[in-house]
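Okay, upload-v3.txt is below, compact mmCIF, C-alpha atoms and all ligand atoms:
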# COMPACT_ATOMS: atom_id res chain seq x y z
CA MET A 14 -0.91 -1.49 -56.27
CA LYS A 15 -1.52 -5.21 -56.65
CA LYS A 16 -0.74 -7.16 -53.51
CA ASN A 17 2.14 -9.58 -53.85
CA THR A 18 2.74 -11.21 -50.49
CA THR A 19 5.49 -13.63 -51.52
CA LYS A 20 8.28 -11.80 -49.71
CA SER A 21 6.08 -11.01 -46.68
CA ARG A 22 5.02 -14.65 -46.35
CA GLU A 23 8.58 -15.90 -46.59
CA ILE A 24 9.81 -13.50 -43.86
CA ILE A 25 6.86 -14.30 -41.58
CA LYS A 26 7.62 -18.00 -41.95
CA ARG A 27 11.24 -17.46 -40.92
CA ASP A 28 10.15 -15.12 -38.12
CA ASN A 29 7.83 -17.78 -36.71
CA LYS A 30 10.72 -20.21 -36.54
CA VAL A 31 13.03 -18.06 -34.42
CA MET A 32 11.07 -15.33 -32.64
CA SER A 33 9.60 -15.72 -29.18
CA PRO A 34 5.91 -16.49 -29.71
CA SER A 35 5.01 -14.16 -26.83
CA LEU A 36 4.72 -11.19 -29.23
CA THR A 37 1.16 -10.40 -30.34
CA ARG A 38 1.21 -9.75 -34.09
CA PRO A 39 -2.13 -10.53 -35.67
CA TYR A 40 -1.48 -8.42 -38.78
CA GLU A 41 0.65 -9.72 -41.63
CA LEU A 42 2.51 -6.51 -42.32
CA VAL A 43 6.22 -6.85 -43.01
CA ILE A 44 7.71 -3.38 -42.95
CA ASP A 45 10.54 -2.27 -45.19
CA SER A 46 10.85 1.51 -44.99
CA ALA A 47 8.93 4.70 -44.22
CA GLU A 48 8.77 8.41 -44.94
CA GLY A 49 6.75 11.06 -43.07
CA SER A 50 3.44 9.38 -42.21
CA THR A 51 3.70 6.60 -44.78
CA ILE A 52 5.05 3.07 -44.32
CA PHE A 53 6.12 0.78 -47.17
CA ASP A 54 6.06 -3.01 -46.89
CA VAL A 55 8.51 -5.46 -48.43
CA ASP A 56 6.11 -6.13 -51.29
CA GLY A 57 5.97 -2.49 -52.31
CA ARG A 58 2.61 -1.56 -50.83
CA SER A 59 2.22 1.78 -49.04
CA TYR A 60 0.18 2.48 -45.92
CA ILE A 61 -0.91 5.65 -44.15
CA ASP A 62 0.19 5.19 -40.56
CA PHE A 63 -2.36 6.10 -37.87
CA ALA A 64 -0.36 4.20 -35.21
CA SER A 65 3.12 5.82 -35.27
CA SER A 66 4.67 2.45 -34.39
CA VAL A 67 2.76 2.57 -31.10
CA ALA A 68 2.95 6.32 -30.42
CA VAL A 69 6.71 6.42 -30.96
CA MET A 70 7.14 8.27 -34.26
CA ASN A 71 5.64 11.61 -33.23
CA ILE A 72 8.25 13.36 -35.41
CA GLY A 73 7.35 11.20 -38.43
CA TYR A 74 9.59 8.71 -40.22
CA ASN A 75 12.97 9.54 -41.67
CA CYS A 76 13.23 12.96 -40.02
CA LYS A 77 16.31 14.57 -41.62
CA LYS A 78 17.43 16.56 -38.57
CA VAL A 79 17.41 13.50 -36.31
CA LYS A 80 19.05 11.32 -38.93
CA GLN A 81 21.87 13.84 -39.36
CA ALA A 82 22.45 14.11 -35.60
CA VAL A 83 22.55 10.32 -35.16
CA CYS A 84 24.85 9.82 -38.19
CA ALA A 85 27.22 12.55 -36.95
CA GLN A 86 27.39 10.90 -33.53
CA MET A 87 27.85 7.49 -35.14
CA GLU A 88 30.89 8.79 -37.04
CA LYS A 89 32.39 10.02 -33.77
CA MET A 90 31.53 7.33 -31.22
CA VAL A 91 28.56 5.04 -30.53
CA HIS A 92 28.80 4.15 -26.85
CA CYS A 93 30.91 5.25 -23.92
CA GLY A 94 29.88 3.46 -20.72
CA PHE A 95 28.02 6.44 -19.27
CA SER A 96 27.43 4.80 -15.89
CA ASP A 97 31.22 4.75 -15.30
CA PHE A 98 32.44 7.82 -17.22
CA TYR A 99 31.23 11.26 -18.29
CA ALA A 100 30.20 12.58 -21.72
CA GLU A 101 28.53 15.80 -22.87
CA ILE A 102 25.73 14.62 -25.18
CA PRO A 103 23.68 12.76 -22.49
CA VAL A 104 24.12 15.84 -20.27
CA LYS A 105 22.77 18.07 -23.05
CA LEU A 106 19.80 15.74 -23.51
CA SER A 107 19.05 15.79 -19.77
CA GLU A 108 19.43 19.58 -19.60
CA LYS A 109 16.92 19.86 -22.46
CA LEU A 110 14.48 17.48 -20.73
CA CYS A 111 14.76 19.53 -17.51
CA GLU A 112 14.24 22.79 -19.43
CA MET A 113 11.12 21.38 -21.13
CA THR A 114 9.58 19.87 -17.99
CA GLY A 115 10.80 21.97 -15.05
CA TYR A 116 12.20 18.90 -13.26
CA GLU A 117 15.78 18.95 -11.98
CA LYS A 118 17.18 15.44 -12.26
CA VAL A 119 17.03 12.73 -14.90
CA PHE A 120 17.76 9.00 -14.92
CA LEU A 121 18.33 7.79 -18.49
CA SER A 122 17.36 4.30 -19.67
CA ASN A 123 16.31 2.43 -22.81
CA SER A 124 12.57 1.77 -22.68
CA GLY A 125 9.26 2.59 -21.09
CA ALA A 126 9.29 -0.31 -18.66
CA GLU A 127 12.80 0.64 -17.54
CA ALA A 128 11.69 4.24 -16.95
CA VAL A 129 8.84 2.88 -14.81
CA GLU A 130 11.16 0.51 -12.90
CA ALA A 131 13.44 3.46 -12.10
CA ALA A 132 10.44 5.52 -10.91
CA MET A 133 9.24 2.66 -8.69
CA LYS A 134 12.67 2.08 -7.18
CA LEU A 135 13.12 5.81 -6.59
CA ALA A 136 9.75 6.06 -4.82
CA PHE A 137 10.49 2.96 -2.69
CA TRP A 138 13.95 4.30 -1.85
CA TYR A 139 12.77 7.86 -1.06
CA THR A 140 9.80 6.90 1.12
CA LYS A 141 11.25 3.66 2.57
CA ARG A 142 7.82 2.10 1.90
CA ASN A 143 7.04 -1.06 -0.05
CA SER A 144 3.65 -0.75 -1.77
CA MET A 145 1.88 1.28 -4.44
CA VAL A 146 -1.56 2.14 -5.75
CA ALA A 147 -2.27 1.92 -9.50
CA PHE A 148 -5.41 1.68 -11.62
CA TYR A 149 -7.49 -0.96 -13.36
CA ARG A 150 -6.83 -0.97 -17.12
CA ALA A 151 -3.46 0.72 -16.58
CA PHE A 152 -0.52 -0.37 -18.69
CA HIS A 153 2.98 0.38 -17.45
CA GLY A 154 5.09 -2.31 -19.15
CA ARG A 155 6.08 -5.97 -18.93
CA THR A 156 9.05 -6.14 -16.57
CA LEU A 157 8.03 -7.48 -13.18
CA GLY A 158 7.83 -4.14 -11.36
CA ALA A 159 5.96 -2.39 -14.18
CA LEU A 160 3.78 -5.48 -14.64
CA SER A 161 2.75 -5.32 -10.98
CA LEU A 162 1.34 -1.85 -11.69
CA THR A 163 -0.30 -2.96 -14.92
CA GLY A 164 -4.01 -3.64 -14.51
CA SER A 165 -5.12 -4.28 -18.06
CA LYS A 166 -5.46 -7.84 -19.40
CA ILE A 167 -5.15 -10.83 -17.06
CA LYS A 168 -3.17 -12.61 -19.81
CA HIS A 169 -0.38 -10.08 -19.23
CA LYS A 170 -0.15 -11.09 -15.56
CA GLU A 171 -1.01 -14.78 -15.30
CA HIS A 172 1.74 -16.87 -13.66
CA PHE A 173 4.03 -13.89 -13.02
CA PRO A 174 4.87 -12.84 -9.46
CA SER A 175 3.97 -9.35 -8.34
CA PHE A 176 4.99 -6.49 -6.05
CA ARG A 177 2.36 -5.27 -3.61
CA VAL A 178 0.13 -3.02 -5.71
CA VAL A 179 -3.53 -2.31 -5.01
CA HIS A 180 -5.59 -1.24 -8.01
CA SER A 181 -8.31 1.37 -7.91
CA HIS A 182 -10.88 2.73 -10.37
CA TYR A 183 -9.84 5.08 -13.17
CA ALA A 184 -12.34 7.67 -14.41
CA TYR A 185 -13.75 5.65 -17.30
CA CYS A 186 -16.88 7.76 -17.65
CA TYR A 187 -18.23 5.98 -20.75
CA ARG A 188 -18.49 2.83 -18.60
CA CYS A 189 -18.42 4.22 -15.08
CA PRO A 190 -17.11 1.45 -12.78
CA LEU A 191 -19.40 2.81 -10.04
CA ASN A 192 -22.43 3.23 -12.32
CA LEU A 193 -22.51 6.96 -11.70
CA GLU A 194 -22.65 9.89 -14.05
CA TYR A 195 -20.25 12.79 -14.44
CA PRO A 196 -20.36 15.50 -13.12
CA GLY A 197 -22.92 14.50 -10.46
CA CYS A 198 -20.59 11.67 -9.38
CA GLY A 199 -18.18 14.07 -7.68
CA ILE A 200 -15.29 11.97 -9.13
CA SER A 201 -16.23 9.25 -6.70
CA CYS A 202 -13.88 6.81 -8.50
CA ALA A 203 -10.84 8.78 -7.29
CA GLY A 204 -12.33 8.94 -3.79
CA GLU A 205 -12.26 5.15 -3.65
CA ILE A 206 -8.55 5.31 -2.71
CA GLU A 207 -9.25 7.14 0.56
CA ARG A 208 -12.70 5.70 1.11
CA THR A 209 -11.73 2.04 0.80
CA ILE A 210 -8.12 1.26 -0.08
CA PHE A 211 -6.39 3.43 2.53
CA LYS A 212 -8.93 2.33 5.19
CA ARG A 213 -9.19 -1.41 4.57
CA GLU A 214 -6.42 -2.67 2.34
CA LEU A 215 -3.25 -0.64 2.26
CA SER A 216 -2.16 1.99 4.73
CA PRO A 217 -0.90 5.25 3.21
CA LYS A 218 2.04 4.76 5.59
CA ASP A 219 3.03 1.74 3.47
CA THR A 220 2.23 3.43 0.15
CA ALA A 221 5.23 4.85 -1.66
CA ALA A 222 3.27 6.26 -4.60
CA ILE A 223 0.12 6.40 -6.65
CA VAL A 224 1.03 5.66 -10.27
CA VAL A 225 -1.21 7.00 -13.01
CA GLU A 226 -1.35 7.51 -16.78
CA PRO A 227 -2.64 11.01 -17.66
CA ILE A 228 -4.76 9.31 -20.35
CA GLN A 229 -4.94 5.54 -20.20
CA GLY A 230 -3.40 4.22 -23.42
CA GLU A 231 -3.33 0.46 -23.86
CA GLY A 232 -6.35 0.24 -21.52
CA GLY A 233 -8.57 1.96 -24.10
CA PHE A 234 -7.62 5.60 -24.64
CA ILE A 235 -9.58 6.69 -21.62
CA VAL A 236 -9.60 10.44 -20.99
CA PRO A 237 -10.56 11.31 -17.41
CA PRO A 238 -12.60 14.44 -16.63
CA PRO A 239 -10.59 17.56 -15.68
CA GLU A 240 -10.91 17.10 -11.91
CA PHE A 241 -9.69 13.49 -11.74
CA HIS A 242 -5.94 14.09 -11.62
CA LYS A 243 -6.38 17.09 -9.31
CA GLU A 244 -8.23 14.83 -6.89
CA ILE A 245 -5.49 12.17 -7.12
CA ARG A 246 -2.91 14.91 -6.46
CA ARG A 247 -4.89 16.06 -3.39
CA ILE A 248 -5.06 12.49 -2.07
CA CYS A 249 -1.28 12.16 -2.50
CA ASP A 250 -0.63 15.49 -0.73
CA GLU A 251 -2.99 14.86 2.18
CA ASN A 252 -1.70 11.32 2.73
CA ASP A 253 1.98 12.11 2.19
CA VAL A 254 2.26 9.79 -0.82
CA LEU A 255 4.23 10.47 -4.03
CA LEU A 256 2.50 10.86 -7.40
CA ILE A 257 4.13 9.15 -10.39
CA ALA A 258 2.87 10.10 -13.87
CA ASP A 259 3.49 7.60 -16.67
CA GLU A 260 3.84 9.86 -19.73
CA ILE A 261 5.37 7.12 -21.84
CA GLN A 262 2.55 7.06 -24.40
CA SER A 263 0.94 10.44 -23.75
CA GLY A 264 4.11 12.57 -23.57
CA GLY A 265 6.21 14.15 -26.33
CA PHE A 266 3.52 16.70 -27.42
CA ARG A 267 1.09 13.92 -28.37
CA THR A 268 -1.70 15.78 -26.55
CA GLY A 269 -0.47 19.24 -27.56
CA LYS A 270 1.58 19.70 -24.37
CA PHE A 271 4.99 18.12 -23.84
CA MET A 272 3.56 16.28 -20.82
CA ALA A 273 -0.11 15.33 -20.97
CA MET A 274 -0.50 16.13 -17.24
CA GLU A 275 -0.15 19.82 -18.21
CA ASN A 276 -3.64 19.56 -19.74
CA PHE A 277 -4.92 18.83 -16.23
CA ASP A 278 -2.77 21.45 -14.45
CA VAL A 279 -1.25 18.73 -12.31
CA ARG A 280 2.41 18.20 -11.55
CA ALA A 281 3.60 14.76 -10.54
CA ASP A 282 6.56 14.14 -8.22
CA ILE A 283 8.15 11.65 -10.61
CA VAL A 284 7.57 11.40 -14.37
CA CYS A 285 8.32 8.51 -16.75
CA MET A 286 8.95 9.23 -20.43
CA SER A 287 10.00 7.06 -23.36
CA LYS A 288 8.55 6.10 -26.77
CA SER A 289 8.49 9.39 -28.77
CA ILE A 290 11.38 11.21 -27.04
CA GLY A 291 13.96 9.02 -28.80
CA GLY A 292 12.51 9.65 -32.26
CA GLY A 293 12.58 5.88 -32.85
CA ILE A 294 15.82 5.16 -31.00
CA PRO A 295 15.38 3.29 -27.69
CA LEU A 296 15.35 5.90 -24.93
CA GLY A 297 13.70 6.17 -21.53
CA ALA A 298 13.87 8.92 -18.94
CA THR A 299 12.71 9.17 -15.35
CA LEU A 300 12.50 12.73 -14.05
CA SER A 301 12.07 14.26 -10.63
CA SER A 302 13.14 17.05 -8.29
CA GLY A 303 16.65 17.10 -6.85
CA GLY A 304 15.14 16.49 -3.41
CA ILE A 305 13.52 13.22 -4.43
CA MET A 306 16.17 12.00 -6.89
CA SER A 307 18.91 12.12 -4.27
CA TRP A 308 19.73 8.42 -4.12
CA PRO A 309 23.45 7.76 -3.61
CA PRO A 310 25.84 6.05 -6.09
CA GLY A 311 25.08 2.37 -6.55
CA THR A 312 21.34 2.55 -5.79
CA HIS A 313 20.43 2.47 -9.49
CA ALA A 314 22.37 2.33 -12.77
CA ASN A 315 22.48 0.51 -16.12
CA THR A 316 24.84 -0.17 -19.01
CA PHE A 317 23.11 1.59 -21.88
CA GLY A 318 21.44 4.59 -20.17
CA GLY A 319 23.14 7.67 -21.63
CA ASN A 320 24.18 5.76 -24.75
CA LEU A 321 25.65 8.33 -27.12
CA LEU A 322 23.53 7.47 -30.18
CA ALA A 323 20.33 7.46 -28.13
CA ALA A 324 21.29 10.75 -26.48
CA ALA A 325 22.14 12.42 -29.81
CA GLY A 326 18.90 11.12 -31.34
CA GLY A 327 16.86 12.15 -28.30
CA LEU A 328 18.30 15.66 -28.18
CA ALA A 329 17.72 16.19 -31.92
CA THR A 330 14.18 14.80 -31.52
CA LEU A 331 13.31 17.22 -28.71
CA GLU A 332 14.79 20.16 -30.65
CA PHE A 333 12.85 19.16 -33.76
CA MET A 334 9.63 18.76 -31.75
CA GLU A 335 9.99 22.35 -30.55
CA SER A 336 11.17 23.96 -33.78
CA ALA A 337 8.48 22.21 -35.85
CA LYS A 338 5.87 23.27 -33.25
CA LEU A 339 4.59 19.72 -32.91
CA GLY A 340 2.47 20.68 -29.90
CA GLU A 341 0.47 23.17 -31.96
CA LYS A 342 0.23 20.68 -34.82
CA ALA A 343 -1.09 17.97 -32.49
CA THR A 344 -3.81 20.31 -31.22
CA GLU A 345 -4.82 21.58 -34.66
CA LYS A 346 -4.81 18.20 -36.42
CA GLY A 347 -6.28 16.50 -33.35
CA ASN A 348 -9.25 18.87 -33.28
CA TYR A 349 -9.82 18.20 -36.98
CA LEU A 350 -9.60 14.41 -36.55
CA LEU A 351 -11.92 14.51 -33.52
CA LYS A 352 -14.48 16.51 -35.51
CA ARG A 353 -14.32 14.09 -38.44
CA LEU A 354 -14.59 11.04 -36.16
CA ASN A 355 -17.58 12.57 -34.38
CA GLU A 356 -19.24 13.01 -37.78
CA LEU A 357 -18.65 9.29 -38.43
CA LYS A 358 -20.10 8.53 -34.99
CA ASP A 359 -23.35 10.27 -36.01
CA LYS A 360 -23.46 8.08 -39.12
CA TYR A 361 -22.41 4.66 -37.74
CA PRO A 362 -24.01 3.41 -34.49
CA ILE A 363 -21.11 0.99 -33.99
CA ILE A 364 -19.04 4.00 -32.87
CA GLY A 365 -20.15 4.39 -29.27
CA ASP A 366 -17.66 6.97 -28.09
CA VAL A 367 -15.02 9.27 -29.55
CA ARG A 368 -12.52 10.71 -27.08
CA GLY A 369 -9.07 12.19 -26.93
CA ILE A 370 -6.82 15.20 -26.52
CA GLY A 371 -4.59 16.39 -29.35
CA LEU A 372 -3.60 13.42 -31.52
CA MET A 373 -4.18 10.85 -28.79
CA ILE A 374 -7.64 9.75 -29.86
CA GLY A 375 -9.63 6.55 -29.40
CA ILE A 376 -13.01 5.39 -30.64
CA GLU A 377 -14.90 2.74 -28.75
CA LEU A 378 -16.85 0.27 -30.89
CA VAL A 379 -20.05 -1.16 -29.47
CA GLU A 380 -22.88 -3.54 -30.23
CA GLU A 381 -26.35 -2.98 -28.88
CA ASN A 382 -26.49 -2.09 -25.17
CA LYS A 383 -22.89 -0.94 -25.33
CA ALA A 384 -21.54 -4.50 -25.50
CA HIS A 385 -17.92 -4.51 -26.66
CA ALA A 386 -17.70 -4.99 -30.45
CA THR A 387 -14.34 -6.77 -30.13
CA GLU A 388 -14.66 -9.08 -33.13
CA LYS A 389 -15.91 -6.29 -35.38
CA ARG A 390 -13.03 -4.15 -34.19
CA GLU A 391 -10.56 -6.83 -35.37
CA ASN A 392 -12.32 -7.00 -38.76
CA ILE A 393 -12.20 -3.24 -39.18
CA VAL A 394 -8.51 -3.03 -38.32
CA LYS A 395 -7.71 -5.88 -40.75
CA LYS A 396 -9.85 -4.40 -43.54
CA ALA A 397 -8.25 -1.00 -43.04
CA LEU A 398 -4.82 -2.62 -43.35
CA ASP A 399 -5.87 -4.29 -46.61
CA GLY A 400 -7.02 -0.87 -47.79
CA GLY A 401 -3.67 0.76 -46.94
CA LEU A 402 -4.24 2.19 -43.44
CA ILE A 403 -2.43 1.10 -40.27
CA LEU A 404 -4.61 1.17 -37.15
CA LEU A 405 -3.99 -0.42 -33.78
CA PRO A 406 -6.48 -1.67 -31.21
CA ALA A 407 -6.53 -0.74 -27.52
CA GLY A 408 -8.65 -1.92 -24.59
CA ASP A 409 -11.57 -4.25 -25.22
CA SER A 410 -13.06 -2.64 -28.33
CA VAL A 411 -11.21 0.59 -28.98
CA ILE A 412 -9.29 1.65 -32.06
CA ARG A 413 -6.58 4.21 -31.45
CA PHE A 414 -5.77 7.10 -33.75
CA VAL A 415 -2.22 8.20 -33.02
CA PRO A 416 -0.64 9.31 -36.30
CA PRO A 417 2.71 11.11 -36.46
CA LEU A 418 2.20 14.70 -35.32
CA ILE A 419 3.55 15.94 -38.67
CA ILE A 420 0.68 14.26 -40.57
CA ARG A 421 -0.94 16.42 -43.26
CA LYS A 422 -4.67 17.11 -43.49
CA ASN A 423 -4.95 15.32 -46.84
CA GLU A 424 -3.33 12.23 -45.29
CA ILE A 425 -5.86 12.32 -42.44
CA ASP A 426 -8.66 12.60 -45.02
CA LYS A 427 -7.30 9.70 -47.08
CA GLY A 428 -6.87 7.57 -43.94
CA LEU A 429 -10.42 8.33 -42.84
CA GLU A 430 -11.72 7.40 -46.28
CA ILE A 431 -10.10 3.94 -45.93
CA PHE A 432 -11.37 3.68 -42.35
CA GLU A 433 -14.94 4.53 -43.39
CA GLU A 434 -14.80 1.93 -46.15
CA ALA A 435 -13.73 -0.68 -43.55
CA LEU A 436 -16.53 0.46 -41.22
CA ARG A 437 -19.10 0.23 -44.00
CA ASP A 438 -17.94 -3.27 -44.99
CA THR A 439 -18.18 -4.45 -41.39
C1 LIG A 501 1.83 4.12 -20.63
C2 LIG A 501 2.88 3.11 -20.92
N1 LIG A 501 3.80 2.84 -19.99
C3 LIG A 501 4.78 1.94 -20.20
C4 LIG A 501 4.87 1.26 -21.40
C5 LIG A 501 5.98 0.25 -21.60
O1 LIG A 501 6.90 0.72 -22.52
P1 LIG A 501 7.94 -0.31 -23.20
O2 LIG A 501 7.13 -1.18 -24.08
O3 LIG A 501 8.89 0.59 -23.94
O4 LIG A 501 8.60 -1.05 -22.11
C6 LIG A 501 3.93 1.51 -22.40
C7 LIG A 501 3.99 0.78 -23.68
O5 LIG A 501 3.07 0.75 -24.45
C8 LIG A 501 2.91 2.45 -22.16
O6 LIG A 501 1.98 2.72 -23.08

Can you dump the structure from the file as structure tokens?
Ligand SMILES: Cc1ncc(COP(=O)(O)O)c(C=O)c1O
Amino acid sequence: MKKNTTKSREIIKRDNKVMSPSLTRPYELVIDSAEGSTIFDVDGRSYIDFASSVAVMNIGYNCKKVKQAVCAQMEKMVHCGFSDFYAEIPVKLSEKLCEMTGYEKVFLSNSGAEAVEAAMKLAFWYTKRNSMVAFYRAFHGRTLGALSLTGSKIKHKEHFPSFRVVHSHYAYCYRCPLNLEYPGCGISCAGEIERTIFKRELSPKDTAAIVVEPIQGEGGFIVPPPEFHKEIRRICDENDVLLIADEIQSGGFRTGKFMAMENFDVRADIVCMSKSIGGGIPLGATLSSGGIMSWPPGTHANTFGGNLLAAAGGLATLEFMESAKLGEKATEKGNYLLKRLNELKDKYPIIGDVRGIGLMIGIELVEENKAHATEKRENIVKKALDGGLILLPAGDSVIRFVPPLIIRKNEIDKGLEIFEEALRDT
């Protein structure tokens, strides 16, 4: 289809006039509608979506079951002030979340950052301590608490005040921060918390929690080796510190399991979920045991947590995820995509590393000597977009592959064709 950007240009011009310039939007894509794994722009062009609107649309766009549930709830009532009154649909959603995760209590909110804020406050309240440990390259959101945990780009943090958070090394084996090699390293990066941080910088007696992403997302789709999270869990247990897992990007069957931590056989004390569990409707959830989430009335609440539309959409999303076996689909399609990307890696030296679990996959682009190919990455993403494929960057030179979990094999093939063309051009 011939590109006619008149409408796009006009909307972008108006957008630039009124929208906060803090949003990073380097791609001139003005979205109009979507179906399944395909997005349509306002000028009638279609795109295969390998980004799922930042790992949100795991169920695909325009899912009938979720649409029906939200419309039915809309007919009845939109909002009820759940922090002051009772209603059944948010209870049903929370019961479903507990059934799927094995946790006992849920705090409902509207976004990832809010789910993280609730987890931080809960850990501070439960332990009566005031500090945390997080990881370099971590991304936990932009509100001040979540931002304190975030350890990705300095631009995210400059000029903003912070809680007391000490950052440690994540298991980024492709570029080991300690210049060691797995498995001979003995997961020395995790050991850094006990070896250095707890001895010289932050006492475990002041540490409420260690906060970790099962797979680092925004930081570069970094998959740690199997022992990493077990070692972090051991450190938490032996030092009487809580473990908080941020499943906001990795959860919702993206890695085959409902919670990505299940791939590592590790259970956190507090879990944060958002993005995909609302099926596109703003929804956050912080989960824990009844023992930990025992804070009394008034310690934490919000206006829109338990919103009826979000709860109806979330419940229908979780039910659809199960009935459509999205976990199995993520594993099957993810293995296929990994295999195809590894074949491209053998062909194009710019692909330095391919890594992922299920449909949470990243490729790291490199120049000679493993230097980050950041500029080339931008070119590839832009060329792919021109060719009809939506990709998103992560980390310094990573491209993420996080399509809807309902994506078909022929759509993966078509997307990879466009991607290879962009690679070849670059
Ligand atoms: C792991 C993780 N945690 C937290 C967040 C913040 O979520 P939100 O943007 O909904 O506040 C994100 C967003 O990308 C994320 O990837």

Got a sec: who's within 8 Å of A:Leu106, counting only C-alpha atoms, leaving out chain neighbours fewer than 3 positions off, as a CSV table (one decimal) with C-alpha atoms, in the coordinates of the input?
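What landed in out_25.csv:
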chain,number,residue,atom,x,y,z
A,102,ILE,CA,25.7,14.6,-25.2
A,103,PRO,CA,23.7,12.8,-22.5
A,109,LYS,CA,16.9,19.9,-22.5
A,110,LEU,CA,14.5,17.5,-20.7
A,324,ALA,CA,21.3,10.8,-26.5
A,325,ALA,CA,22.1,12.4,-29.8
A,327,GLY,CA,16.9,12.2,-28.3
A,328,LEU,CA,18.3,15.7,-28.2

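Picture a line from atom CA of A:Lys166 to atom CA of A:Glu260; it runs 20.0 Å.
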
Legend entry - Nearby polymer residues, ligand LIG 501 (chain A), at most 6 Å, all atoms listed in the file, as a PyMOL selection string: chain A and resi 124-126+152-154+230-231+259+261-262

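Among A:Ser65, A:Thr19, A:Thr387, A:Asn123, the residue with the shortest atom-to-atom distance to A:Ile412, counting only C-alpha atoms, is A:Thr387.
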
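One finds atom CA of A:Ile228 at 10.2 Å from atom CA of A:Tyr185.
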
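In this comparison, which uses all atoms listed in the file, the residue of A:Leu404, A:Ile374, A:Leu418, A:Met90 approaching A:Gly265 most closely is A:Leu418.
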
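When only C-alpha atoms are used to compute distances to A:Tyr349, the closest of the residues A:Lys422, A:Arg368, A:Arg150, A:Arg390 turns out to be A:Lys422.
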